[in-house]
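With mmCIF, C-alpha atoms; chains and numbers go by the auth columns inside, this is structure.cif:
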data_start
#
loop_
_atom_site.group_PDB
_atom_site.id
_atom_site.type_symbol
_atom_site.label_atom_id
_atom_site.label_comp_id
_atom_site.label_asym_id
_atom_site.label_seq_id
_atom_site.Cartn_x
_atom_site.Cartn_y
_atom_site.Cartn_z
_atom_site.B_iso_or_equiv
_atom_site.auth_seq_id
_atom_site.auth_asym_id
ATOM 1 C CA MET A 1 6.923 -5.992 37.419 0.00 8 A
ATOM 2 C CA THR A 2 9.828 -8.265 37.966 0.00 9 A
ATOM 3 C CA LEU A 3 12.857 -8.326 35.650 0.00 10 A
ATOM 4 C CA GLU A 4 11.915 -11.803 34.459 0.00 11 A
ATOM 5 C CA ASN A 5 8.425 -10.614 33.475 0.00 12 A
ATOM 6 C CA SER A 6 9.904 -7.560 31.761 0.00 13 A
ATOM 7 C CA ILE A 7 12.232 -9.738 29.602 0.00 14 A
ATOM 8 C CA ARG A 8 9.378 -12.109 28.758 0.00 15 A
ATOM 9 C CA ASP A 9 7.139 -9.198 27.680 0.00 16 A
ATOM 10 C CA THR A 10 9.907 -7.670 25.520 0.00 17 A
ATOM 11 C CA ILE A 11 10.616 -10.963 23.731 0.00 18 A
ATOM 12 C CA SER A 12 6.904 -11.477 23.215 0.00 19 A
ATOM 13 C CA LYS A 13 6.551 -8.041 21.607 0.00 20 A
ATOM 14 C CA LYS A 14 9.613 -8.613 19.330 0.00 21 A
ATOM 15 C CA LEU A 15 8.220 -11.945 18.242 0.00 22 A
ATOM 16 C CA GLU A 16 4.906 -10.318 17.383 0.00 23 A
ATOM 17 C CA ASP A 17 6.477 -7.461 15.295 0.00 24 A
ATOM 18 C CA GLY A 18 8.917 -9.780 13.434 0.00 25 A
ATOM 19 C CA THR A 19 12.156 -8.365 14.912 0.00 26 A
ATOM 20 C CA ILE A 20 13.333 -11.751 16.206 0.00 27 A
ATOM 21 C CA GLU A 21 12.691 -13.377 12.836 0.00 28 A
ATOM 22 C CA LYS A 22 14.781 -10.698 11.080 0.00 29 A
ATOM 23 C CA LEU A 23 17.645 -11.162 13.512 0.00 30 A
ATOM 24 C CA ILE A 24 17.530 -14.926 13.007 0.00 31 A
ATOM 25 C CA GLU A 25 17.526 -14.453 9.224 0.00 32 A
ATOM 26 C CA GLN A 26 20.562 -12.134 9.434 0.00 33 A
ATOM 27 C CA GLN A 27 22.544 -14.542 11.581 0.00 34 A
ATOM 28 C CA LEU A 28 21.495 -17.499 9.463 0.00 35 A
ATOM 29 C CA GLU A 29 22.668 -15.634 6.318 0.00 36 A
ATOM 30 C CA LYS A 30 26.022 -14.860 7.971 0.00 37 A
ATOM 31 C CA GLY A 31 26.363 -18.490 8.957 0.00 38 A
ATOM 32 C CA ILE A 32 25.710 -19.677 5.413 0.00 39 A
ATOM 33 C CA VAL A 33 28.224 -17.148 3.963 0.00 40 A
ATOM 34 C CA ASN A 34 30.888 -18.232 6.462 0.00 41 A
ATOM 35 C CA ALA A 35 30.214 -21.877 5.720 0.00 42 A
ATOM 36 C CA LEU A 36 30.562 -21.285 1.971 0.00 43 A
ATOM 37 C CA GLU A 37 33.758 -19.280 2.458 0.00 44 A
ATOM 38 C CA ASN A 38 35.237 -22.124 4.455 0.00 45 A
ATOM 39 C CA LEU A 39 34.230 -24.633 1.808 0.00 46 A
ATOM 40 C CA PHE A 40 35.886 -22.568 -0.953 0.00 47 A
ATOM 41 C CA ARG A 41 39.088 -21.773 0.936 0.00 48 A
ATOM 42 C CA SER A 42 42.392 -23.373 -0.141 0.00 49 A
ATOM 43 C CA TYR A 43 41.764 -26.517 1.867 0.00 50 A
ATOM 44 C CA GLY A 44 37.974 -26.520 1.790 0.00 51 A
ATOM 45 C CA ASP A 45 36.002 -29.566 0.671 0.00 52 A
ATOM 46 C CA VAL A 46 34.409 -27.801 -2.315 0.00 53 A
ATOM 47 C CA THR A 47 37.756 -26.383 -3.458 0.00 54 A
ATOM 48 C CA LYS A 48 39.248 -29.874 -3.473 0.00 55 A
ATOM 49 C CA ILE A 49 36.363 -31.159 -5.605 0.00 56 A
ATOM 50 C CA ILE A 50 36.764 -28.299 -8.094 0.00 57 A
ATOM 51 C CA GLU A 51 40.537 -28.861 -8.289 0.00 58 A
ATOM 52 C CA GLU A 52 40.066 -32.522 -9.095 0.00 59 A
ATOM 53 C CA GLN A 53 37.573 -31.714 -11.845 0.00 60 A
ATOM 54 C CA VAL A 54 39.846 -29.048 -13.388 0.00 61 A
ATOM 55 C CA LYS A 55 42.870 -31.388 -13.277 0.00 62 A
ATOM 56 C CA SER A 56 40.931 -34.213 -14.899 0.00 63 A
ATOM 57 C CA VAL A 57 40.129 -31.951 -17.873 0.00 64 A
ATOM 58 C CA MET A 58 43.287 -29.829 -18.231 0.00 65 A
ATOM 59 C CA VAL A 59 46.137 -32.282 -17.593 0.00 66 A
ATOM 60 C CA PRO A 60 45.359 -34.633 -20.521 0.00 67 A
ATOM 61 C CA TYR A 61 44.893 -31.605 -22.778 0.00 68 A
ATOM 62 C CA LEU A 62 48.233 -30.049 -21.787 0.00 69 A
ATOM 63 C CA GLU A 63 50.053 -33.376 -22.166 0.00 70 A
ATOM 64 C CA THR A 64 48.921 -33.765 -25.784 0.00 71 A
ATOM 65 C CA TYR A 65 49.246 -30.130 -26.832 0.00 72 A
ATOM 66 C CA ASP A 66 51.770 -29.331 -29.601 0.00 73 A
ATOM 67 C CA TYR A 67 54.192 -26.697 -28.329 0.00 74 A
ATOM 68 C CA SER A 68 56.508 -26.803 -31.365 0.00 75 A
ATOM 69 C CA LYS A 69 55.100 -23.615 -32.872 0.00 76 A
ATOM 70 C CA TYR A 70 56.065 -21.746 -29.707 0.00 77 A
ATOM 71 C CA ILE A 71 59.574 -23.195 -29.719 0.00 78 A
ATOM 72 C CA THR A 72 60.125 -21.748 -33.192 0.00 79 A
ATOM 73 C CA LYS A 73 59.279 -18.336 -31.788 0.00 80 A
ATOM 74 C CA LEU A 74 62.044 -18.503 -29.161 0.00 81 A
ATOM 75 C CA ASP A 75 64.402 -16.423 -31.261 0.00 82 A
ATOM 76 C CA SER A 76 61.900 -13.602 -31.802 0.00 83 A
ATOM 77 C CA VAL A 77 61.002 -13.624 -28.103 0.00 84 A
ATOM 78 C CA MET A 78 64.686 -13.249 -27.222 0.00 85 A
ATOM 79 C CA VAL A 79 64.926 -10.351 -29.673 0.00 86 A
ATOM 80 C CA ASP A 80 62.022 -8.518 -28.032 0.00 87 A
ATOM 81 C CA VAL A 81 63.325 -9.119 -24.520 0.00 88 A
ATOM 82 C CA LEU A 82 66.850 -8.018 -25.262 0.00 89 A
ATOM 83 C CA LYS A 83 65.785 -4.985 -27.282 0.00 90 A
ATOM 84 C CA ASN A 84 64.067 -3.682 -24.160 0.00 91 A
ATOM 85 C CA SER A 85 67.092 -4.309 -21.942 0.00 92 A
ATOM 86 C CA ALA A 86 70.475 -2.618 -21.719 0.00 93 A
ATOM 87 C CA LEU A 87 72.552 -1.966 -24.853 0.00 94 A
ATOM 88 C CA GLU A 88 75.289 -4.232 -23.483 0.00 95 A
ATOM 89 C CA ASN A 89 73.053 -7.156 -24.415 0.00 96 A
ATOM 90 C CA LYS A 90 73.399 -6.439 -28.134 0.00 97 A
ATOM 91 C CA LYS A 91 76.372 -8.808 -28.420 0.00 98 A
ATOM 92 C CA LEU A 92 74.494 -11.429 -26.401 0.00 99 A
ATOM 93 C CA LEU A 93 71.602 -11.231 -28.855 0.00 100 A
ATOM 94 C CA GLU A 94 73.860 -11.487 -31.917 0.00 101 A
ATOM 95 C CA ASN A 95 75.748 -14.472 -30.503 0.00 102 A
ATOM 96 C CA PHE A 96 72.541 -16.228 -29.483 0.00 103 A
ATOM 97 C CA LYS A 97 71.071 -15.861 -32.975 0.00 104 A
ATOM 98 C CA SER A 98 74.301 -17.091 -34.560 0.00 105 A
ATOM 99 C CA LEU A 99 74.532 -20.069 -32.210 0.00 106 A
ATOM 100 C CA MET A 100 70.924 -21.075 -32.937 0.00 107 A
ATOM 101 C CA ASN A 101 71.418 -20.839 -36.712 0.00 108 A
ATOM 102 C CA THR A 102 72.268 -24.365 -37.855 0.00 109 A
ATOM 103 C CA GLU A 103 72.102 -23.752 -41.603 0.00 110 A
ATOM 104 C CA ASP A 104 75.875 -23.347 -42.068 0.00 111 A
ATOM 105 C CA ASN A 105 76.984 -26.256 -39.864 0.00 112 A
ATOM 106 C CA PRO A 106 79.041 -28.609 -42.065 0.00 113 A
ATOM 107 C CA LYS A 107 79.407 -32.314 -41.317 0.00 114 A
ATOM 108 C CA THR A 108 83.115 -32.138 -42.197 0.00 115 A
ATOM 109 C CA ILE A 109 85.588 -29.290 -42.607 0.00 116 A
ATOM 110 C CA LYS A 110 89.188 -29.238 -43.785 0.00 117 A
ATOM 111 C CA VAL A 111 91.847 -27.759 -41.526 0.00 118 A
ATOM 112 C CA THR A 112 92.823 -25.324 -44.291 0.00 119 A
ATOM 113 C CA ASP A 113 89.193 -24.121 -44.596 0.00 120 A
ATOM 114 C CA LEU A 114 88.988 -23.588 -40.844 0.00 121 A
ATOM 115 C CA TYR A 115 92.298 -21.734 -41.061 0.00 122 A
ATOM 116 C CA GLU A 116 90.793 -19.431 -43.714 0.00 123 A
ATOM 117 C CA LYS A 117 87.826 -18.747 -41.422 0.00 124 A
ATOM 118 C CA TRP A 118 90.190 -17.869 -38.613 0.00 125 A
ATOM 119 C CA MET A 119 92.249 -15.535 -40.826 0.00 126 A
ATOM 120 C CA ASP A 120 89.045 -13.697 -41.779 0.00 127 A
ATOM 121 C CA TYR A 121 88.326 -13.297 -38.072 0.00 128 A
ATOM 122 C CA VAL A 122 91.876 -11.957 -37.464 0.00 129 A
ATOM 123 C CA ALA A 123 91.507 -9.445 -40.278 0.00 130 A
ATOM 124 C CA LYS A 124 88.270 -8.096 -38.746 0.00 131 A
ATOM 125 C CA SER A 125 89.125 -8.259 -35.063 0.00 132 A
ATOM 126 C CA ILE A 126 92.868 -7.808 -34.524 0.00 133 A
ATOM 127 C CA SER A 127 93.899 -4.969 -32.221 0.00 134 A
ATOM 128 C CA THR A 128 95.658 -2.253 -34.239 0.00 135 A
ATOM 129 C CA SER A 129 97.140 -0.432 -31.247 0.00 136 A
ATOM 130 C CA GLY A 130 100.585 -1.954 -31.777 0.00 137 A
ATOM 131 C CA LEU A 131 100.599 -1.969 -35.570 0.00 138 A
ATOM 132 C CA GLU A 132 102.581 0.378 -37.793 0.00 139 A
ATOM 133 C CA VAL A 133 100.887 2.550 -40.377 0.00 140 A
ATOM 134 C CA VAL A 134 102.018 1.966 -43.952 0.00 141 A
ATOM 135 C CA TYR A 135 101.895 4.788 -46.531 0.00 142 A
ATOM 136 C CA GLU A 136 102.345 2.749 -49.697 0.00 143 A
ATOM 137 C CA ASP A 137 99.444 2.718 -52.164 0.00 144 A
ATOM 138 C CA GLY A 138 97.363 4.683 -49.692 0.00 145 A
ATOM 139 C CA VAL A 139 97.270 4.468 -45.915 0.00 146 A
ATOM 140 C CA SER A 140 96.822 1.136 -44.118 0.00 147 A
ATOM 141 C CA TYR A 141 98.053 -0.913 -41.202 0.00 148 A
ATOM 142 C CA GLU A 142 100.930 -3.311 -41.706 0.00 149 A
ATOM 143 C CA SER A 143 100.141 -6.929 -42.489 0.00 150 A
ATOM 144 C CA VAL A 144 100.479 -9.388 -39.622 0.00 151 A
ATOM 145 C CA GLU A 145 102.033 -12.831 -39.715 0.00 152 A
ATOM 146 C CA VAL A 146 99.775 -15.747 -38.819 0.00 153 A
ATOM 147 C CA SER A 147 100.242 -19.494 -38.831 0.00 154 A
ATOM 148 C CA PHE A 148 98.715 -22.811 -37.918 0.00 155 A
ATOM 149 C CA GLU A 149 100.261 -26.116 -36.929 0.00 156 A
ATOM 150 C CA ILE A 150 99.167 -29.480 -35.609 0.00 157 A
ATOM 151 C CA ASP A 151 100.959 -31.023 -32.656 0.00 158 A
ATOM 152 C CA TYR A 152 100.447 -34.768 -32.593 0.00 159 A
ATOM 153 C CA ASN A 153 100.537 -36.322 -29.133 0.00 160 A
ATOM 154 C CA GLU A 154 102.657 -39.409 -28.692 0.00 161 A
ATOM 155 C CA SER A 155 100.202 -42.280 -28.328 0.00 162 A
ATOM 156 C CA ARG A 156 100.640 -45.667 -26.645 0.00 163 A
ATOM 157 C CA ASN A 157 101.031 -48.704 -28.867 0.00 164 A
ATOM 158 C CA TRP A 158 98.066 -50.343 -27.204 0.00 165 A
ATOM 159 C CA SER A 159 95.778 -47.317 -27.427 0.00 166 A
ATOM 160 C CA SER A 160 92.923 -47.287 -29.946 0.00 167 A
ATOM 161 C CA PHE A 161 92.860 -43.474 -29.961 0.00 168 A
ATOM 162 C CA GLU A 162 95.269 -40.785 -31.045 0.00 169 A
ATOM 163 C CA TYR A 163 95.228 -37.140 -30.073 0.00 170 A
ATOM 164 C CA ALA A 164 96.473 -33.848 -31.470 0.00 171 A
ATOM 165 C CA VAL A 165 96.172 -30.093 -30.909 0.00 172 A
ATOM 166 C CA LEU A 166 95.399 -27.637 -33.698 0.00 173 A
ATOM 167 C CA LYS A 167 96.980 -24.244 -32.974 0.00 174 A
ATOM 168 C CA PHE A 168 96.214 -20.916 -34.633 0.00 175 A
ATOM 169 C CA GLU A 169 98.717 -18.167 -33.782 0.00 176 A
ATOM 170 C CA CYS A 170 98.916 -14.464 -34.569 0.00 177 A
ATOM 171 C CA GLU A 171 102.292 -12.804 -34.043 0.00 178 A
ATOM 172 C CA LYS A 172 100.958 -9.330 -33.235 0.00 179 A
ATOM 173 C CA ASP A 173 97.927 -10.133 -31.063 0.00 180 A
ATOM 174 C CA GLU A 174 97.825 -13.082 -28.655 0.00 181 A
ATOM 175 C CA ASP A 175 94.081 -12.598 -28.132 0.00 182 A
ATOM 176 C CA MET A 176 93.632 -14.001 -31.649 0.00 183 A
ATOM 177 C CA ASN A 177 95.288 -17.324 -30.740 0.00 184 A
ATOM 178 C CA PHE A 178 93.281 -20.556 -30.449 0.00 185 A
ATOM 179 C CA GLU A 179 93.914 -24.153 -29.463 0.00 186 A
ATOM 180 C CA ILE A 180 91.527 -26.886 -30.559 0.00 187 A
ATOM 181 C CA GLY A 181 91.737 -30.430 -29.234 0.00 188 A
ATOM 182 C CA LEU A 182 91.488 -33.254 -31.791 0.00 189 A
ATOM 183 C CA SER A 183 91.014 -36.997 -31.354 0.00 190 A
ATOM 184 C CA ARG A 184 90.097 -40.019 -33.458 0.00 191 A
ATOM 185 C CA TYR A 185 89.534 -43.749 -33.252 0.00 192 A
ATOM 186 C CA THR A 186 92.439 -45.306 -35.139 0.00 193 A
ATOM 187 C CA LYS A 187 90.670 -48.581 -35.896 0.00 194 A
ATOM 188 C CA GLY A 188 87.685 -46.941 -37.532 0.00 195 A
ATOM 189 C CA SER A 189 87.159 -46.563 -41.265 0.00 196 A
ATOM 190 C CA ASP A 190 86.644 -42.802 -40.950 0.00 197 A
ATOM 191 C CA LYS A 191 89.986 -40.994 -40.839 0.00 198 A
ATOM 192 C CA GLY A 192 88.466 -37.686 -39.771 0.00 199 A
ATOM 193 C CA TRP A 193 89.153 -36.171 -36.359 0.00 200 A
ATOM 194 C CA ASP A 194 86.648 -35.206 -33.692 0.00 201 A
ATOM 195 C CA MET A 195 87.135 -31.694 -32.372 0.00 202 A
ATOM 196 C CA ARG A 196 86.805 -30.496 -28.815 0.00 203 A
ATOM 197 C CA TYR A 197 86.474 -26.815 -28.055 0.00 204 A
ATOM 198 C CA ASP A 198 85.877 -25.997 -24.404 0.00 205 A
ATOM 199 C CA GLY A 199 84.018 -22.727 -24.775 0.00 206 A
ATOM 200 C CA LYS A 200 81.746 -20.989 -22.288 0.00 207 A
ATOM 201 C CA HIS A 201 78.272 -22.451 -22.624 0.00 208 A
ATOM 202 C CA GLU A 202 76.341 -20.337 -20.105 0.00 209 A
ATOM 203 C CA LEU A 203 73.795 -17.927 -21.539 0.00 210 A
ATOM 204 C CA ARG A 204 75.130 -14.963 -19.561 0.00 211 A
ATOM 205 C CA SER A 205 78.611 -15.579 -21.034 0.00 212 A
ATOM 206 C CA LEU A 206 77.458 -15.253 -24.643 0.00 213 A
ATOM 207 C CA ARG A 207 77.967 -11.495 -24.688 0.00 214 A
ATOM 208 C CA TYR A 208 81.705 -11.968 -24.124 0.00 215 A
ATOM 209 C CA LEU A 209 82.336 -14.490 -26.925 0.00 216 A
ATOM 210 C CA ASN A 210 83.799 -13.480 -30.257 0.00 217 A
ATOM 211 C CA ASP A 211 82.622 -14.612 -33.680 0.00 218 A
ATOM 212 C CA PHE A 212 85.234 -17.356 -34.081 0.00 219 A
ATOM 213 C CA GLU A 213 84.486 -18.803 -30.633 0.00 220 A
ATOM 214 C CA ILE A 214 80.805 -19.014 -31.562 0.00 221 A
ATOM 215 C CA TYR A 215 81.734 -20.729 -34.822 0.00 222 A
ATOM 216 C CA LEU A 216 83.896 -23.309 -33.012 0.00 223 A
ATOM 217 C CA MET A 217 81.107 -23.960 -30.494 0.00 224 A
ATOM 218 C CA LYS A 218 78.687 -24.605 -33.357 0.00 225 A
ATOM 219 C CA LEU A 219 81.105 -27.043 -35.006 0.00 226 A
ATOM 220 C CA SER A 220 81.698 -28.829 -31.703 0.00 227 A
ATOM 221 C CA GLN A 221 77.980 -29.104 -30.906 0.00 228 A
ATOM 222 C CA ASN A 222 77.298 -30.340 -34.440 0.00 229 A
ATOM 223 C CA HIS A 223 80.001 -33.034 -34.046 0.00 230 A
ATOM 224 C CA THR A 224 81.711 -31.722 -37.177 0.00 231 A
ATOM 225 C CA THR A 225 84.622 -33.906 -38.308 0.00 232 A
ATOM 226 C CA ILE A 226 87.984 -32.242 -39.002 0.00 233 A
ATOM 227 C CA ILE A 227 89.893 -33.407 -42.080 0.00 234 A
ATOM 228 C CA ILE A 228 93.630 -32.776 -41.762 0.00 235 A
ATOM 229 C CA ASP A 229 94.717 -31.896 -45.295 0.00 236 A
ATOM 230 C CA GLU A 230 97.827 -29.998 -44.131 0.00 237 A
ATOM 231 C CA ASP A 231 99.896 -30.108 -40.945 0.00 238 A
ATOM 232 C CA GLY A 232 100.835 -26.439 -40.946 0.00 239 A
ATOM 233 C CA SER A 233 101.139 -23.199 -42.868 0.00 240 A
ATOM 234 C CA SER A 234 102.025 -19.512 -42.433 0.00 241 A
ATOM 235 C CA ASP A 235 100.577 -16.433 -44.123 0.00 242 A
ATOM 236 C CA GLU A 236 100.112 -12.694 -43.821 0.00 243 A
ATOM 237 C CA VAL A 237 96.796 -11.067 -43.008 0.00 244 A
ATOM 238 C CA GLN A 238 95.856 -7.494 -43.885 0.00 245 A
ATOM 239 C CA PRO A 239 93.785 -5.846 -41.124 0.00 246 A
ATOM 240 C CA GLU A 240 90.455 -4.485 -42.350 0.00 247 A
ATOM 241 C CA ALA A 241 90.590 -1.491 -39.990 0.00 248 A
ATOM 242 C CA GLU A 242 91.886 1.719 -41.545 0.00 249 A
ATOM 243 C CA PRO A 243 94.097 4.237 -39.723 0.00 250 A
ATOM 244 C CA GLU A 244 92.593 7.579 -38.736 0.00 251 A
ATOM 245 C CA PRO A 245 93.736 10.294 -41.137 0.00 252 A
ATOM 246 C CA THR A 246 96.301 12.703 -39.739 0.00 253 A
ATOM 247 C CA PHE A 247 96.950 16.231 -40.935 0.00 254 A
ATOM 248 C CA SER A 248 100.330 17.920 -40.532 0.00 255 A
#
What's the C-alpha cells form of this structure?
Amino acid sequence: MTLENSIRDTISKKLEDGTIEKLIEQQLEKGIVNALENLFRSYGDVTKIIEEQVKSVMVPYLETYDYSKYITKLDSVMVDVLKNSALENKKLLENFKSLMNTEDNPKTIKVTDLYEKWMDYVAKSISTSGLEVVYEDGVSYESVEVSFEIDYNESRNWSSFEYAVLKFECEKDEDMNFEIGLSRYTKGSDKGWDMRYDGKHELRSLRYLNDFEIYLMKLSQNHTTIIIDEDGSSDEVQPEAEPEPTFS
C-alpha cells in the first residue's frame, strides 16, 4: 500500500467514526471565541457600539444630576480622612472647618472691634518664654503692651483711590504683629475701606496658620468692609497662660 492510499484510508475511517467532525467543531468553536474576544476588546466593533449606547444613556443623566447634597458633606468627609491620617493634621482640620464656616462673617467691622479680636488672640497665643512672673494677687505672667495704628499713604491729587495700612503690634512678641492693607474709592458714597490680607491659601498650608490669620482670610474672602472709627490706640493684655508652680 502506498503512502497516499494509507492517508486516504485513514481519513476515510476518521470520517466514518466522526473524529473529523469533532475536530472541526472544536476548531470552529475556538474560532468563534477568538472572534468574539476581538469584537469585545478595547477597540473592537462591538465594544464601540456598547460604549456609544452607555454614553447616550449616562451622560444626560450625569449632566442633570443634583450634586449639592454631596457638596454639603465635604466637611464630614474631610473629618473622616484627616482623623485617619497623622496627628499633625489636627490643626489643618480645625482651620479648614473654621474657614468653611461662614456664619460669623460680618459685612462690616469697626477697626476697634477687629483690634479687640486681635487682643483676644494675643492673650491666648503670646509666647511666655520672655515674660516675667508676677506674684501679686496670685501668680501670673506680666501684662504686655499692645497697640494699633493706621498709616495713611500719601495719595496723588488726581487719584480716585486712597490707601492705608492697619498695624497691630505687640511689644513682647513680634510673632503677634500683623499688617493689613486698606483701600477705598474716594468718590463713592460708601466711606468704608476694603481690606487686603495676603495669607497662604493652599490647602497644605492651613495647618500652619493661626486663628487670627484664618479670621482675616475669612473677612478678606467675604469682602468685609473696614470702618475706621479710631486711628490708633494702646492697651495692656493679660496672657491667659499661667506659670508653672515652683516649690522652694
Problem set entry | Output check: residues returned by the PyMOL selection byres ((chain A and resi 126) around 12), as number ranges by chain | A: 119-125, 127-133, 150-155, 175-177, 183-185, 219, 240-247
For this session: Find the residues around stretch 158-165 of chain A up to 10 Å (only C-alpha atoms counted), leave out those fewer than 4 positions away in its own chain, and share them as a list in words.
Result: Glu169, Tyr170, Ala171, Val172, Leu173, Lys174, Gly188, Leu189, Ser190, Asp238 and Gly239 of chain A
Exercise. For A:Tyr192, which residue among A:Ala248, A:Val140, A:Phe168, A:Glu178 is the nearest when counting all atoms listed in the file?
Worked result: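 Result for the nearest residue to A:Tyr192: A:Phe168.
Atom CA of A:Asp201 lies 27.0 Å from atom CA of A:Glu101.
For the pair atom CA of A:Val118 and atom CA of A:Tyr204, the separation is 14.5 Å.
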Problem set entry | Using all atoms listed in the file: which of A:Pro113, A:Arg48, A:Ile187, A:Pro250 has the shortest distance to A:Ser147 |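 Between A:Pro113, A:Arg48, A:Ile187, A:Pro250, the residue approaching A:Ser147 most closely is A:Pro250.
Between atom CA of A:Thr115 and atom CA of A:Glu181 lies a distance of 27.6 Å.
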Seminar exercise, completed: Counting all atoms listed in the file, the residue among A:Asn217, A:Ser166, A:Thr26, A:Thr232 that lies closest to A:Lys198 is A:Thr232
For this session: Rank A:Glu139, A:Glu186, A:Ile116, A:Glu32 by their smallest atom-to-atom distance to A:Ile234, using only C-alpha atoms, and report the top residue only.
Result: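 When distances to A:Ile234 are compared using only C-alpha atoms, the smallest one comes from A:Ile116.
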